[in-house]
Amino acid sequence: MNGNNELTVLVTGSNGQLGRAMRMEAQKRLSQKINPDKRLKMLYCDVEELDITDQNAVYTYCTTFAVDIIVNCAAYTDVDKAETDVEQAYLLNETGVAHLAAVAKVLDLFLIHISTDYVFAGTATLPYSPDMPTDPGSVYGKSKLAGELAVKRSGCRSAIIRTSWLYSKWGNNFVKSIIRNAQEKTLLRVVNDQWGAPTYAPDLAFAIFELIDAPDLHQSYHIYHYANQGKITWYDFAKTIVAFSCASCKVEPITSADYPSIVKRPACSVFNLSDTEKKLKITIPHWEDSLKDYFNHRKTKIVFMGTPEFAVASLEALLQEELNIVAVVTAPDKPAGRGKQLQMSEVKKCALTHHLPLLQPDKLKDPSFIAQLQALQADLFIVVAFRMLPEVVFAMPPLRTFNVHGSLLPNYRGAAPIHWAVINGETETGVTTFFLNKEIDKGNIIDQKKVAIGKNETTGELYERLMYLGATLSVETVKNIEKGAVITHPQIHEDTTILKPAPKIYKEDTLINWDDSAEHLFNKIRGLSPFPGAYTRIKNKEGEIEIVKCFLVSISTELSKEKAGTFVSNGRDFLAVNTNDYMIFIQSLQFQGKKRLEIEQFLPGFRANNYINLFF
């Protein structure tokens, strides 16, 4: 962990099933972080960004980005093709892993390497525990075992996690193949003499992060087994998938001999999971419960409405979950910048990237827009940082319309909840989902998530955390609505006069009054940083007034001795301003028409004697 208390985790093979599940789990954990002053930095690389078969590239990447932990999800996974493509299978599954382990040893990193049930012969009558003898019967299994041995030989701090029958909402896997084939065929024939347990990738990602969060388990080499609880055959699994998908296709059991294959697959790869549950202090879900979770949110048709960057995180999270976004509604393109060129919203950019149907109405009551929405026959509308909707819109979908708001309602209703929470010196805030009604931000609350505000945290930093917290809550709210598990409650407060509002911030709200307490000024400046920015004014000797924005400040322990706004500096590394109690150190500022600078960069070129020595 580096000096900034930031743990940097590199995930290789990031575009695979487990890599994408790691992204989703990381987003959840980032949004739910209790201690905002400690940060988890995630780095995701697929082969295009990092070739693990090139040891120099691995070393350079890990040193450049100060990596602390490597989670290796990269692998050659085509079991059949590996029998003829032996060199490539070993290159990725052994050589690449050996390079990661060697770099981990040299740099003292913790390596988590994902392996497979194929390292066993599959002939055991008892569930496989991590210490049982390995005896792979395929090139794929042998190459994966070779990778395990390379990790062990390296002597690096490491963990091997063996898993089986991996599936998810991403990529190609058994579950998606059965669903697709069940829709196209009337009969499926599936082997009934190979036993094991499926692994839902998000469940495995959760376990990996539990390991990441347990530094006492990072000190040595250990092997873990992970699959969902239970024991089934491929036939049983397929039959359940077809039932959950409501397909009319029949599933017929066959033997392995009826299914010709060049690869001898394990007849039994059931894992003993007790050591994993004990060490990671987790309860592994049963395979049927996880399969239900996979199916729970597949069919709901959703229209997403939003405009700025804050909304993009929620849209991306919904898409990562493969929820059915049938259209995106955002603001029309608007002229911006010096050239007044038309600029599209951040949500529009995201929608175009994902090839989503896009609506950009000028007026939300326009009959043509209403007709377009109705034609979509959507079940649910989701609103994140968008305009106030008329009732004809928000009342349209059968599952209603919910909004994601950046505060703990009923406090901070309005356009700038994050800014005002910081400006007011709050120590806690969060996000709320609620069903829309005719009153702004006053609908029944569905769910809330709380987060602490760091004592030095700016609105920009809090904005990013709440953006991801809102994304997580968006997904959870959709799932609960689909399950019928939502219990709402009205926004009731005994004394509405003490509720804190969050109105739109205007320029006059951003002027610094130095004749205020240092604490109020500190909160105001960080609450307006980086946008729109708190500003002060300074007059030069020619009588011209210049605007100065202040982005970062700190409170001195020294009491002010001069008139509020008067500043003192040593010309090198500090600029202190008098207030009505304690002095304030300015750490980052920007003169009008100039670049934002840290105070150490700014002071050498600043000529204080050219100005009247006062901010006002």
# chains A, B, ... in the order shown; residues from 1 in each chain; ligands from 1

call {"tool": "residues_around", "arguments": {"residues": "segment 215-217 of chain A", "least_positions_apart": "2", "cutoff": "10 Å", "atoms": "only C-alpha atoms", "output": "VMD selection string"}}
result
chain A and resid 110 157 to 159 210 to 213 219 to 222 279 to 280

call {"tool": "write_last_selection", "arguments": {"atoms": "all heavy atoms", "output": "tab-separated table (two decimals), in the first residue's frame"}}
result
chain	number	residue	atom	x	y	z
A	110	PHE	N	1.23	-9.31	-3.73
A	110	PHE	CA	0.40	-10.48	-3.45
A	110	PHE	C	-0.30	-10.88	-4.74
A	110	PHE	O	-0.97	-10.07	-5.37
A	110	PHE	CB	-0.62	-10.16	-2.36
A	110	PHE	CG	-1.51	-11.32	-1.99
A	110	PHE	CD1	-0.96	-12.53	-1.60
A	110	PHE	CD2	-2.89	-11.20	-2.01
A	110	PHE	CE1	-1.76	-13.60	-1.24
A	110	PHE	CE2	-3.70	-12.25	-1.66
A	110	PHE	CZ	-3.15	-13.46	-1.27
A	157	ARG	N	4.29	-14.26	-2.31
A	157	ARG	CA	3.07	-14.30	-1.50
A	157	ARG	C	1.89	-14.50	-2.45
A	157	ARG	O	1.70	-13.70	-3.36
A	157	ARG	CB	2.91	-13.02	-0.70
A	157	ARG	CG	4.00	-12.79	0.32
A	157	ARG	CD	3.78	-11.56	1.17
A	157	ARG	NE	3.85	-10.33	0.41
A	157	ARG	CZ	2.83	-9.51	0.21
A	157	ARG	NH1	1.64	-9.79	0.71
A	157	ARG	NH2	2.98	-8.40	-0.50
A	158	SER	N	1.14	-15.57	-2.26
A	158	SER	CA	0.17	-15.90	-3.31
A	158	SER	C	-0.97	-16.76	-2.79
A	158	SER	O	-0.88	-17.38	-1.72
A	158	SER	CB	0.87	-16.63	-4.45
A	158	SER	OG	1.53	-17.79	-3.97
A	159	ALA	N	-2.02	-16.80	-3.60
A	159	ALA	CA	-3.17	-17.66	-3.35
A	159	ALA	C	-3.63	-18.23	-4.68
A	159	ALA	O	-3.75	-17.50	-5.67
A	159	ALA	CB	-4.30	-16.88	-2.68
A	210	GLU	N	-13.04	-10.46	-0.63
A	210	GLU	CA	-12.90	-10.77	0.79
A	210	GLU	C	-11.46	-11.17	1.09
A	210	GLU	O	-10.91	-10.83	2.14
A	210	GLU	CB	-13.86	-11.89	1.18
A	210	GLU	CG	-15.32	-11.48	1.18
A	210	GLU	CD	-15.61	-10.35	2.16
A	210	GLU	OE1	-15.51	-10.57	3.38
A	210	GLU	OE2	-15.92	-9.23	1.69
A	211	LEU	N	-10.83	-11.89	0.17
A	211	LEU	CA	-9.42	-12.24	0.32
A	211	LEU	C	-8.55	-11.00	0.22
A	211	LEU	O	-7.60	-10.82	1.01
A	211	LEU	CB	-9.03	-13.26	-0.75
A	211	LEU	CG	-7.56	-13.70	-0.79
A	211	LEU	CD1	-7.12	-14.27	0.54
A	211	LEU	CD2	-7.35	-14.73	-1.90
A	212	ILE	N	-8.85	-10.12	-0.71
A	212	ILE	CA	-8.10	-8.86	-0.84
A	212	ILE	C	-8.18	-8.06	0.45
A	212	ILE	O	-7.21	-7.43	0.89
A	212	ILE	CB	-8.63	-8.04	-2.04
A	212	ILE	CG1	-8.25	-8.71	-3.35
A	212	ILE	CG2	-8.11	-6.60	-2.00
A	212	ILE	CD1	-8.88	-8.09	-4.57
A	213	ASP	N	-9.35	-8.07	1.08
A	213	ASP	CA	-9.57	-7.29	2.29
A	213	ASP	C	-9.06	-7.97	3.57
A	213	ASP	O	-9.30	-7.47	4.67
A	213	ASP	CB	-11.07	-6.99	2.46
A	213	ASP	CG	-11.57	-5.98	1.45
A	213	ASP	OD1	-10.74	-5.26	0.87
A	213	ASP	OD2	-12.79	-5.90	1.23
A	219	GLN	N	0.23	-13.43	3.44
A	219	GLN	CA	1.63	-13.58	3.82
A	219	GLN	C	2.28	-14.87	3.36
A	219	GLN	O	3.48	-15.05	3.53
A	219	GLN	CB	1.75	-13.47	5.35
A	219	GLN	CG	1.17	-12.17	5.92
A	219	GLN	CD	1.68	-10.93	5.20
A	219	GLN	OE1	2.88	-10.79	4.97
A	219	GLN	NE2	0.76	-10.03	4.85
A	220	SER	N	1.50	-15.79	2.78
A	220	SER	CA	2.09	-17.06	2.38
A	220	SER	C	1.35	-17.63	1.18
A	220	SER	O	0.45	-16.99	0.63
A	220	SER	CB	2.05	-18.05	3.55
A	220	SER	OG	0.71	-18.27	3.96
A	221	TYR	N	1.71	-18.84	0.80
A	221	TYR	CA	1.07	-19.53	-0.33
A	221	TYR	C	-0.07	-20.38	0.21
A	221	TYR	O	0.08	-21.11	1.20
A	221	TYR	CB	2.11	-20.41	-1.02
A	221	TYR	CG	1.58	-21.34	-2.08
A	221	TYR	CD1	1.36	-20.88	-3.38
A	221	TYR	CD2	1.30	-22.67	-1.78
A	221	TYR	CE1	0.88	-21.75	-4.37
A	221	TYR	CE2	0.82	-23.54	-2.76
A	221	TYR	CZ	0.62	-23.07	-4.04
A	221	TYR	OH	0.15	-23.92	-5.00
A	222	HIS	N	-1.25	-20.30	-0.44
A	222	HIS	CA	-2.38	-21.11	0.00
A	222	HIS	C	-3.28	-21.42	-1.19
A	222	HIS	O	-3.40	-20.60	-2.11
A	222	HIS	CB	-3.18	-20.39	1.09
A	222	HIS	CG	-4.14	-21.29	1.81
A	222	HIS	ND1	-3.74	-22.17	2.78
A	222	HIS	CD2	-5.49	-21.45	1.70
A	222	HIS	CE1	-4.79	-22.84	3.24
A	222	HIS	NE2	-5.87	-22.42	2.59
A	279	LYS	N	-11.62	-19.72	6.22
A	279	LYS	CA	-10.54	-18.72	6.13
A	279	LYS	C	-11.05	-17.35	5.67
A	279	LYS	O	-10.61	-16.31	6.17
A	279	LYS	CB	-9.43	-19.22	5.20
A	279	LYS	CG	-8.49	-20.22	5.88
A	279	LYS	CD	-7.26	-20.47	5.05
A	279	LYS	CE	-6.15	-21.11	5.88
A	279	LYS	NZ	-6.58	-22.27	6.64
A	280	LEU	N	-11.97	-17.33	4.70
A	280	LEU	CA	-12.47	-16.06	4.19
A	280	LEU	C	-13.65	-15.53	4.99
A	280	LEU	O	-14.13	-14.42	4.75
A	280	LEU	CB	-12.87	-16.20	2.72
A	280	LEU	CG	-11.75	-16.58	1.75
A	280	LEU	CD1	-12.26	-16.53	0.31
A	280	LEU	CD2	-10.55	-15.66	1.90

call {"tool": "residues_around", "arguments": {"residues": "Pro130 of chain A", "least_positions_apart": "4", "cutoff": "12 Å", "atoms": "only C-alpha atoms", "output": "list in words"}}
result
Ser115, Thr116, Asp117, Val119, Phe120, Thr134, Ala159, Ile160, Ile161, Arg162, Thr163, His222, Ile223, Tyr224, His225, Tyr226, Ser269, Val270, Phe271, Asn272, Leu273, Ser274, Asp275 and Thr276 of chain A

call {"tool": "select_by_dssp", "arguments": {"residues": "segment 184-240 of chain A", "states": "helix (DSSP H, G or I)", "output": "MDAnalysis selection string"}}
result
chainID A and resid 184 201:212 215:217 234:240

call {"tool": "residues_around", "arguments": {"residues": "Thr199 of chain A", "least_positions_apart": "2", "cutoff": "6 Å", "atoms": "only C-alpha atoms", "output": "number ranges by chain"}}
result
A: 165-166, 227-228

call {"tool": "residues_around", "arguments": {"residues": "Met22 of chain A", "least_positions_apart": "5", "cutoff": "8 Å", "atoms": "only C-alpha atoms", "output": "list in words"}}
result
Val11, Ser14, Pro202, Ala205 and Phe206 of chain A

call {"tool": "closest_residue", "arguments": {"among": "A:Trp514, A:Gln592, A:His355, A:Leu552", "to": "Asn578 of chain A", "atoms": "only C-alpha atoms"}}
result
A:Trp514

call {"tool": "residues_around", "arguments": {"residues": "segment 412-427 of chain A", "least_positions_apart": "5", "cutoff": "6 Å", "atoms": "only C-alpha atoms", "output": "ChimeraX atom specification"}}
result
/A:406-407,441,452-453,459,500-504,523-524,527

call {"tool": "closest_residue", "arguments": {"among": "A:Glu252, A:Glu457, A:Asp108, A:Glu428", "to": "Thr63 of chain A", "atoms": "only C-alpha atoms"}}
result
A:Asp108

call {"tool": "closest_residue", "arguments": {"among": "A:Met467, A:Leu359, A:Cys246, A:Leu436", "to": "Val392 of chain A", "atoms": "only C-alpha atoms"}}
result
A:Leu436

call {"tool": "residues_around", "arguments": {"residues": "segment 337-348 of chain A", "least_positions_apart": "2", "cutoff": "6 Å", "atoms": "only C-alpha atoms", "output": "list of chain:residue names"}}
result
A:Thr307, A:Pro308, A:Glu309, A:Val312, A:Asp333, A:Lys334, A:Pro335, A:Cys350, A:Ala351

call {"tool": "atom_distance", "arguments": {"atom1": "atom CA of Tyr506 of chain A", "atom2": "atom CA of Glu519 of chain A"}}
result
21.6 Å

call {"tool": "closest_residue", "arguments": {"among": "A:Asn296, A:Thr433, A:Gln601, A:Gln194", "to": "Lys231 of chain A", "atoms": "only C-alpha atoms"}}
result
A:Gln194

call {"tool": "decode", "arguments": {"residues": "segment 421-443 of chain A", "atoms": "C-alpha atoms", "output": "PDB file, in the first residue's frame"}}
result
ATOM      1  CA  ALA A 421     -23.810  18.847   2.141  1.00  0.00           C
ATOM      2  CA  VAL A 422     -20.099  19.722   2.006  1.00  0.00           C
ATOM      3  CA  ILE A 423     -20.682  23.478   2.306  1.00  0.00           C
ATOM      4  CA  ASN A 424     -22.733  22.879   5.443  1.00  0.00           C
ATOM      5  CA  GLY A 425     -19.997  20.750   6.988  1.00  0.00           C
ATOM      6  CA  GLU A 426     -21.970  17.493   7.067  1.00  0.00           C
ATOM      7  CA  THR A 427     -20.084  14.391   8.161  1.00  0.00           C
ATOM      8  CA  GLU A 428     -22.500  11.976   6.471  1.00  0.00           C
ATOM      9  CA  THR A 429     -24.534  11.855   3.301  1.00  0.00           C
ATOM     10  CA  GLY A 430     -25.591   9.226   0.782  1.00  0.00           C
ATOM     11  CA  VAL A 431     -27.929   8.436  -2.076  1.00  0.00           C
ATOM     12  CA  THR A 432     -31.651   7.750  -2.156  1.00  0.00           C
ATOM     13  CA  THR A 433     -33.913   6.036  -4.631  1.00  0.00           C
ATOM     14  CA  PHE A 434     -37.565   7.070  -4.567  1.00  0.00           C
ATOM     15  CA  PHE A 435     -40.656   6.792  -6.745  1.00  0.00           C
ATOM     16  CA  LEU A 436     -41.554  10.015  -8.511  1.00  0.00           C
ATOM     17  CA  ASN A 437     -44.741  11.901  -7.710  1.00  0.00           C
ATOM     18  CA  LYS A 438     -46.042  15.386  -8.538  1.00  0.00           C
ATOM     19  CA  GLU A 439     -43.748  17.122  -6.015  1.00  0.00           C
ATOM     20  CA  ILE A 440     -40.024  17.599  -6.583  1.00  0.00           C
ATOM     21  CA  ASP A 441     -37.907  15.082  -4.649  1.00  0.00           C
ATOM     22  CA  LYS A 442     -40.793  14.178  -2.326  1.00  0.00           C
ATOM     23  CA  GLY A 443     -41.838  10.719  -3.512  1.00  0.00           C
TER      24      GLY A 443
END
